[in-house]
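Next comes query_34.cif, a file with mmCIF, C-alpha atoms and all ligand atoms.
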```
data_data
#
loop_
_atom_site.label_atom_id
_atom_site.label_comp_id
_atom_site.auth_asym_id
_atom_site.auth_seq_id
_atom_site.Cartn_x
_atom_site.Cartn_y
_atom_site.Cartn_z
CA MET A 1236 -42.23 -39.62 1.17
CA ALA A 1237 -42.24 -36.06 -0.18
CA GLY A 1238 -40.30 -34.99 2.93
CA ASN A 1239 -37.57 -37.60 2.33
CA PHE A 1240 -37.25 -36.63 -1.27
CA ILE A 1241 -36.65 -33.02 -0.36
CA LYS A 1242 -34.06 -34.04 2.26
CA SER A 1243 -32.06 -36.08 -0.19
CA LEU A 1244 -32.12 -33.31 -2.76
CA LEU A 1245 -30.79 -30.95 -0.14
CA ALA A 1246 -28.04 -33.43 0.77
CA VAL A 1247 -26.92 -33.59 -2.85
CA ALA A 1248 -26.95 -29.84 -3.10
CA LEU A 1249 -24.93 -29.56 0.09
CA SER A 1250 -22.34 -32.13 -0.92
CA LEU A 1251 -21.94 -30.46 -4.30
CA ASN A 1252 -21.51 -27.21 -2.50
CA GLY A 1253 -18.93 -28.75 -0.16
CA ALA A 1254 -16.95 -30.08 -3.12
CA SER A 1255 -17.01 -26.82 -5.03
CA ALA A 1256 -13.31 -25.98 -4.70
CA THR A 1257 -12.16 -25.02 -8.15
CA GLN A 1258 -8.54 -24.70 -9.12
CA VAL A 1259 -8.99 -22.24 -11.96
CA PHE A 1260 -5.33 -22.13 -12.96
CA ALA A 1261 -2.38 -24.36 -12.12
CA ASN A 1262 1.16 -24.47 -13.44
CA ARG A 1263 3.93 -26.76 -12.19
CA GLY A 1264 6.73 -24.55 -13.42
CA THR A 1265 6.36 -25.15 -17.16
CA MET A 1266 6.42 -22.83 -20.16
CA SER A 1267 3.04 -24.14 -21.34
CA GLY A 1268 -0.32 -22.86 -20.14
CA TRP A 1269 0.60 -19.19 -19.74
CA ASP A 1270 -1.08 -16.45 -21.78
CA THR A 1271 2.18 -14.66 -22.47
CA TYR A 1272 5.69 -13.90 -21.19
CA ASN A 1273 7.53 -10.66 -20.76
CA HIS A 1274 11.32 -10.62 -20.66
CA GLU A 1275 12.99 -7.30 -21.22
CA HIS A 1276 16.50 -6.60 -22.52
CA LYS A 1277 18.77 -9.54 -21.55
CA GLY A 1278 16.16 -11.13 -19.30
CA LYS A 1279 15.08 -14.77 -19.73
CA VAL A 1280 12.16 -16.99 -18.78
CA GLN A 1281 13.14 -20.67 -19.05
CA GLU A 1282 12.22 -24.11 -17.79
CA ALA A 1283 14.78 -25.52 -15.38
CA ASN A 1284 15.16 -29.10 -14.16
CA ASN A 1285 16.96 -28.05 -11.03
CA PRO A 1286 15.97 -26.75 -8.58
CA VAL A 1287 12.36 -27.89 -8.61
CA PHE A 1288 9.78 -27.33 -5.89
CA PRO A 1289 9.19 -30.71 -4.21
CA ASP A 1290 5.52 -30.97 -5.16
CA ILE A 1291 3.24 -33.97 -4.81
CA THR A 1292 4.24 -35.35 -8.23
CA LYS A 1293 7.96 -35.25 -7.28
CA GLN A 1294 8.91 -34.43 -10.83
CA GLY A 1295 8.93 -31.70 -13.39
CA THR A 1296 10.49 -28.34 -13.86
CA SER A 1297 10.45 -24.86 -12.43
CA LEU A 1298 10.40 -21.52 -14.20
CA SER A 1299 13.75 -19.81 -14.00
CA MET A 1300 13.64 -16.03 -14.35
CA THR A 1301 16.88 -14.20 -14.93
CA GLN A 1302 17.90 -10.63 -15.49
CA VAL A 1303 21.26 -9.03 -16.22
CA TYR A 1304 22.09 -5.53 -15.04
CA ASP A 1305 23.39 -3.31 -17.85
CA LYS A 1306 24.46 0.20 -16.95
CA ASN A 1307 23.64 1.37 -20.47
CA TRP A 1308 20.06 0.04 -20.40
CA LYS A 1309 17.52 2.73 -19.55
CA GLY A 1310 14.49 0.43 -19.66
CA ARG A 1311 13.05 -1.97 -17.10
CA TYR A 1312 14.01 -5.49 -16.05
CA HIS A 1313 10.96 -7.73 -16.14
CA SER A 1314 11.22 -11.51 -16.58
CA GLU A 1315 7.74 -12.81 -15.98
CA ALA A 1316 5.02 -15.25 -16.94
CA VAL A 1317 1.52 -13.86 -17.37
CA LYS A 1318 -1.92 -15.36 -16.73
CA TYR A 1319 -4.84 -13.20 -17.86
CA ASN A 1320 -8.16 -12.60 -16.09
CA VAL A 1321 -7.47 -13.90 -12.59
CA TYR A 1322 -9.68 -11.40 -10.83
CA LYS A 1323 -11.98 -8.49 -11.32
CA LYS A 1324 -13.67 -6.30 -8.75
CA GLY A 1325 -16.22 -8.31 -6.77
CA ASP A 1326 -14.31 -11.63 -7.01
CA THR A 1327 -12.81 -13.55 -4.10
CA GLY A 1328 -9.94 -15.96 -4.67
CA PHE A 1329 -6.77 -17.68 -3.53
CA TYR A 1330 -3.48 -17.10 -5.36
CA GLY A 1331 -0.29 -19.00 -4.63
CA PHE A 1332 3.22 -19.68 -5.82
CA ALA A 1333 6.57 -20.99 -4.65
CA PHE A 1334 9.76 -19.06 -5.25
CA ARG A 1335 13.42 -19.60 -4.65
CA LEU A 1336 16.31 -17.15 -4.79
CA GLN A 1337 19.63 -18.51 -6.04
CA ASP A 1338 21.96 -19.88 -3.32
CA ASP A 1339 24.39 -16.95 -3.51
CA TRP A 1340 21.70 -14.24 -3.69
CA GLU A 1341 22.92 -11.06 -2.00
CA PHE A 1342 20.27 -8.93 -0.35
CA THR A 1343 20.87 -5.25 -0.94
CA LYS A 1344 19.41 -2.75 1.48
CA GLY A 1345 17.06 -0.38 -0.33
CA LEU A 1346 16.85 -2.51 -3.50
CA SER A 1347 13.52 -4.13 -4.20
CA PHE A 1348 12.65 -7.13 -6.37
CA ASN A 1349 9.08 -7.87 -7.34
CA LEU A 1350 7.91 -11.46 -6.97
CA ALA A 1351 4.34 -11.20 -8.24
CA GLN A 1352 1.90 -8.60 -9.40
CA PHE A 1353 -1.71 -8.23 -10.47
CA ILE A 1354 -1.89 -5.81 -13.36
CA ALA A 1355 -4.34 -4.46 -15.95
CA ASP A 1356 -4.12 -2.16 -18.97
CA PHE A 1357 -5.85 1.16 -18.29
CA THR A 1358 -4.79 2.92 -21.49
CA SER A 1359 -8.44 3.24 -22.56
CA LEU A 1360 -9.21 5.49 -19.57
CA GLY A 1361 -7.31 8.25 -21.34
CA CYS A 1362 -5.02 9.55 -18.60
CA SER A 1363 -1.32 8.76 -18.89
CA GLU A 1364 -1.81 5.39 -17.14
CA THR A 1365 -1.07 2.29 -19.22
CA TYR A 1366 -0.38 -1.02 -17.43
CA MET A 1367 -0.85 -0.43 -13.72
CA PRO A 1368 -0.20 -3.05 -11.05
CA SER A 1369 -2.70 -3.12 -8.21
CA THR A 1370 -1.57 -5.78 -5.74
CA MET A 1371 2.14 -6.59 -5.63
CA VAL A 1372 4.40 -8.88 -3.58
CA TRP A 1373 8.07 -7.93 -3.39
CA LEU A 1374 11.33 -8.16 -1.51
CA GLU A 1375 13.02 -5.12 -0.02
CA GLY A 1376 16.36 -6.25 1.32
CA ASP A 1377 15.46 -9.62 2.89
CA GLN A 1378 11.94 -8.52 3.87
CA LEU A 1379 8.75 -9.70 2.18
CA ASN A 1380 6.27 -6.88 1.47
CA ALA A 1381 2.89 -6.58 -0.20
CA ARG A 1382 0.42 -3.89 -1.13
CA VAL A 1383 -3.10 -3.36 -2.44
CA LYS A 1384 -4.39 -0.34 -4.32
CA HIS A 1385 -7.77 1.38 -4.36
CA GLY A 1386 -9.40 4.59 -5.53
CA ASP A 1387 -9.85 5.73 -9.11
CA VAL A 1388 -7.09 4.84 -11.59
CA CYS A 1389 -7.44 8.23 -13.32
CA PRO A 1390 -6.39 10.83 -12.50
CA GLN A 1391 -3.33 9.11 -11.02
CA GLU A 1392 -3.40 11.15 -7.82
CA GLU A 1393 -6.69 9.39 -6.94
CA GLN A 1394 -4.86 6.05 -6.59
CA LYS A 1395 -4.36 5.02 -2.95
CA THR A 1396 -1.99 2.32 -1.68
CA THR A 1397 -2.20 0.19 1.46
CA PHE A 1398 1.13 -1.45 2.42
CA PHE A 1399 1.76 -4.67 4.29
CA ARG A 1400 5.41 -4.27 5.22
CA LYS A 1401 8.07 -6.53 6.72
CA LEU A 1402 5.87 -9.61 6.61
CA ALA A 1403 8.71 -12.12 6.84
CA THR A 1404 12.48 -12.50 6.54
CA VAL A 1405 13.34 -14.41 3.35
CA THR A 1406 16.32 -16.74 2.99
CA PRO A 1407 18.08 -17.54 -0.30
CA GLY A 1408 18.71 -21.08 -1.56
CA ALA A 1409 15.40 -22.50 -0.30
CA TRP A 1410 11.88 -22.76 -1.65
CA HIS A 1411 9.34 -20.45 -0.04
CA ARG A 1412 5.56 -20.43 -0.39
CA VAL A 1413 3.27 -17.44 -0.68
CA GLU A 1414 -0.52 -17.61 -0.68
CA ILE A 1415 -2.93 -14.70 -0.84
CA GLN A 1416 -6.64 -14.71 -0.24
CA ALA A 1417 -8.40 -11.55 -1.31
CA SER A 1418 -11.92 -10.29 -1.51
CA TRP A 1419 -11.50 -7.72 -4.24
CA ARG A 1420 -13.64 -4.70 -3.38
CA SER A 1421 -13.22 -1.00 -4.00
CA ASP A 1422 -15.16 -0.07 -0.83
CA ASP A 1423 -14.51 -0.97 2.82
CA SER A 1424 -15.96 -4.48 2.48
CA GLY A 1425 -12.82 -6.16 1.11
CA TYR A 1426 -10.17 -8.23 2.88
CA PHE A 1427 -6.59 -9.30 2.25
CA LYS A 1428 -4.78 -12.26 3.82
CA ILE A 1429 -1.25 -13.41 3.08
CA TRP A 1430 0.67 -16.52 4.17
CA TYR A 1431 4.43 -17.13 4.01
CA ASP A 1432 5.71 -20.69 4.33
CA GLY A 1433 2.34 -21.78 5.68
CA LYS A 1434 2.09 -19.09 8.36
CA LYS A 1435 -0.46 -16.30 8.06
CA VAL A 1436 1.58 -13.09 8.23
CA ASN A 1437 -1.20 -10.56 7.77
CA GLU A 1438 -4.99 -10.59 7.71
CA THR A 1439 -6.83 -7.30 7.31
CA PHE A 1440 -10.61 -7.09 7.02
CA GLY A 1441 -12.80 -4.14 6.10
CA ILE A 1442 -10.52 -2.47 3.57
CA PRO A 1443 -10.76 -1.64 -0.12
CA THR A 1444 -8.48 -4.06 -2.00
CA THR A 1445 -8.85 -2.89 -5.58
CA VAL A 1446 -9.49 0.17 -7.68
CA THR A 1447 -12.97 1.33 -8.70
CA ASP A 1448 -12.50 0.15 -12.30
CA SER A 1449 -13.83 -3.38 -12.81
CA ARG A 1450 -11.76 -4.62 -15.75
CA PRO A 1451 -10.01 -8.01 -15.25
CA PHE A 1452 -6.49 -8.13 -13.81
CA GLN A 1453 -3.65 -10.42 -14.87
CA PHE A 1454 -1.46 -12.41 -12.47
CA ARG A 1455 2.26 -12.12 -13.23
CA VAL A 1456 4.43 -14.35 -11.17
CA PHE A 1457 7.84 -15.79 -11.28
CA TYR A 1458 8.50 -19.48 -10.49
CA ASP A 1459 6.94 -22.81 -9.58
CA GLN A 1460 3.59 -24.28 -8.52
CA ILE A 1461 1.61 -21.20 -9.42
CA ALA A 1462 -2.14 -21.50 -8.92
CA VAL A 1463 -5.43 -19.69 -8.51
CA GLY A 1464 -8.55 -21.14 -6.96
CA THR A 1465 -11.47 -20.86 -4.64
CA GLU A 1466 -9.94 -22.61 -1.60
CA PHE A 1467 -6.58 -22.43 0.19
CA ALA A 1468 -5.58 -25.91 -1.04
CA ASP A 1469 -6.16 -24.86 -4.66
CA ALA A 1470 -3.42 -22.25 -4.36
CA ALA A 1471 -1.03 -23.69 -1.77
CA PRO A 1472 2.07 -24.99 -3.62
CA ASP A 1473 2.48 -27.98 -1.28
CA LYS A 1474 -1.14 -29.16 -1.63
CA TRP A 1475 -1.23 -30.25 -5.27
C1 LIG B 1501 -1.49 -5.92 8.69
O1 LIG B 1501 -1.25 -4.83 7.84
C2 LIG B 1501 -1.92 -3.65 8.22
C3 LIG B 1501 -1.70 -2.64 7.10
O2 LIG B 1501 -0.35 -2.34 6.97
C4 LIG B 1501 -1.41 -3.19 9.57
O3 LIG B 1501 -2.09 -2.02 9.96
C5 LIG B 1501 -1.63 -4.31 10.57
O4 LIG B 1501 -1.05 -3.94 11.81
C6 LIG B 1501 -1.02 -5.61 10.08
N1 LIG B 1501 -1.42 -6.70 10.99
C7 LIG B 1501 -0.55 -7.53 11.52
C8 LIG B 1501 -1.13 -8.59 12.39
O5 LIG B 1501 0.66 -7.44 11.33
#
```

Can I see the file as structure tokens?
Ligand SMILES: *[C@@H]1O[C@H](CO)[C@@H](O)[C@H](O)[C@H]1NC(C)=O
Amino acid sequence: MAGNFIKSLLAVALSLNGASATQVFANRGTMSGWDTYNHEHKGKVQEANNPVFPDITKQGTSLSMTQVYDKNWKGRYHSEAVKYNVYKKGDTGFYGFAFRLQDDWEFTKGLSFNLAQFIADFTSLGCSETYMPSTMVWLEGDQLNARVKHGDVCPQEEQKTTFFRKLATVTPGAWHRVEIQASWRSDDSGYFKIWYDGKKVNETFGIPTTVTDSRPFQFRVFYDQIAVGTEFADAAPDKW
């Protein structure tokens, strides 16, 4: 009898464990639910009814991010939505979003456009660093690229970058999916995996994936079906 009791307790514990996927943040392309927005100069962050990522609910909006080049503007051109505290050193998680470039988007060789970044404010460290992005995902021409950073944030020359270049060729006028799984470590025990349109385009184990400082990072991303969770399906834009 005692033996059976223990077995059934174990079964409950195992099934709980098996069902422990947690989608810690999810946004179907709406203005609500974000911690803040950042849109510089003439930039905008708006809800749009069209186009919308064809998610499981088959409804809703997407987040439209626009920027306007101004030759007299000396500042930067962010249009972004911000979710605080998505990782700190030692965490492991999945991060996903869908993005779409306008139909008539022209790729320019040598020009890069950031799609998503993990960033934290390091002003308190006392070197000249303020907000510093660690991991970023961006386009250079029509190529998808990513990076992770490690080392000490201050002094700045201690920061080291690992690049994941030319991961995929991106097309305008269509929705694309990006998922990242990262084990955020500042020593050689971390890993970084990235998928594009459902295909794993890089997987690197045994690397440092974040800086030595353990303050929480924010996720800044631009578009639709943005999510963070503990399993692939929590973050994959076509799975929820
Ligand atoms: C993944 O990225 C690393 C770092 O840039 C690179 O050394 C490695 O060759 C890439 N792996 C694949 C399968 O492309």

**Study point:** Residue among A:Ala1471, A:Ile1429, A:Leu1360, A:Ala1316 lying closest to ligand LIG 1501 (chain B), counting only C-alpha atoms and all ligand atoms
**Key:** A:Ile1429

Exercise for review: Determine, counting all atoms listed in the file, which protein, DNA and RNA residues have an atom within 7 Å of an atom of Ala1462 in chain A; residues of the same chain fewer than 2 positions away are not included. Present the result as number ranges by chain.
Suggested key: A: 1260-1262, 1330-1332, 1460, 1464, 1469-1470

Restrict the selected residues to C-alpha atoms and save them as a PDB file, keeping the file's coordinate frame.
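Result file again20.pdb:
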```pdb
ATOM      1  CA  PHE A1260      -5.330 -22.130 -12.960  1.00  0.00           C
ATOM      2  CA  ALA A1261      -2.380 -24.360 -12.120  1.00  0.00           C
ATOM      3  CA  ASN A1262       1.160 -24.470 -13.440  1.00  0.00           C
ATOM      4  CA  TYR A1330      -3.480 -17.100  -5.360  1.00  0.00           C
ATOM      5  CA  GLY A1331      -0.290 -19.000  -4.630  1.00  0.00           C
ATOM      6  CA  PHE A1332       3.220 -19.680  -5.820  1.00  0.00           C
ATOM      7  CA  GLN A1460       3.590 -24.280  -8.520  1.00  0.00           C
ATOM      8  CA  GLY A1464      -8.550 -21.140  -6.960  1.00  0.00           C
ATOM      9  CA  ASP A1469      -6.160 -24.860  -4.660  1.00  0.00           C
ATOM     10  CA  ALA A1470      -3.420 -22.250  -4.360  1.00  0.00           C
TER      11      ALA A1470
END
```

**Study point:** Nearest candidate to Trp1430 in chain A (options A:Thr1370, A:Asn1380, A:Gln1453, A:Thr1406; using all atoms listed in the file)
**Key:**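 Among A:Thr1370, A:Asn1380, A:Gln1453, A:Thr1406, it is A:Asn1380 that comes nearest to Trp1430 in chain A.
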
Point to revise | Exercise answer, 12 Å around ligand LIG 1501 (chain B) with only C-alpha atoms and all ligand atoms, as a PyMOL selection string | key: chain A and resi 1380-1384+1396-1403+1426-1430+1434-1444

Review point. Taking into account all atoms listed in the file, which residue in the set A:Thr1327, A:Arg1311, A:Asp1339, A:Ala1256 is nearest to Ala1409 in chain A?
Key: A:Asp1339

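For the atom pair formed by CA of Asp1459 in chain A and CA of Gly1325 in chain A, the distance is 27.5 Å, given to one decimal.
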
Padded axis-aligned box of range 1307-1320 of chain A (8 Å per side), centre and edge lengths, Å, one decimal, as AutoDock Vina command-line options:
```
--center_x 7.7 --center_y -6.3 --center_z -18.2 --size_x 47.8 --size_y 34.1 --size_z 20.5
```

Revision key, fill the gap. Counting all atoms listed in the file, the residue among A:Trp1410, A:Phe1288, A:Trp1340, A:Tyr1312 that lies closest to Glu1275 in chain A is A:Tyr1312

Compile the contact shell of Ser1359 in chain A as a CSV table (one decimal) with C-alpha atoms, in the coordinates of the input: residues with an atom at most 12 Å away, counting only C-alpha atoms, same-chain residues fewer than 4 positions apart removed.
```
chain,number,residue,atom,x,y,z
A,1355,ALA,CA,-4.3,-4.5,-16.0
A,1363,SER,CA,-1.3,8.8,-18.9
A,1364,GLU,CA,-1.8,5.4,-17.1
A,1365,THR,CA,-1.1,2.3,-19.2
A,1366,TYR,CA,-0.4,-1.0,-17.4
A,1388,VAL,CA,-7.1,4.8,-11.6
A,1389,CYS,CA,-7.4,8.2,-13.3
A,1448,ASP,CA,-12.5,0.2,-12.3
A,1450,ARG,CA,-11.8,-4.6,-15.8
```

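Counting from CA of Ile1415 in chain A, the distance to CA of Phe1329 in chain A is 5.6 Å.
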
Study note, to complete from the structure: If you count all atoms listed in the file, the residue of A:Val1280, A:Thr1445, A:His1385, A:Thr1301 closest to Ser1418 in chain A turns out to be A:Thr1445

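Each of A:Leu1298, A:Cys1362, A:Val1317, A:Leu1336 was compared to Glu1392 in chain A using all atoms listed in the file, and A:Cys1362 turns out to be the nearest.
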
Practice item. Record the distance separating CA of Phe1457 in chain A and CA of Thr1292 in chain A, expressed in Å with one decimal. Key: 20.1 Å

Point to revise | Point (17.0, -5.8, -24.8) neighbourhood (12 Å, all atoms listed in the file) written as a PyMOL selection string | key: chain A and resi 1273-1279+1302-1305+1307-1314

Point to revise | Near-Asn1285 in chain A list (12 Å; all atoms listed in the file; drop same-chain fewer than 5 positions) as a PyMOL selection string | key: chain A and resi 1264+1294-1299+1335+1337+1408+1410+1459

**Study point:** Protein and nucleic acid residues near (11.1, -5.6, -1.3) (cut-off 7 Å, only C-alpha atoms) as a ChimeraX atom specification
**Key:** /A:1346-1349,1373-1376,1378-1380
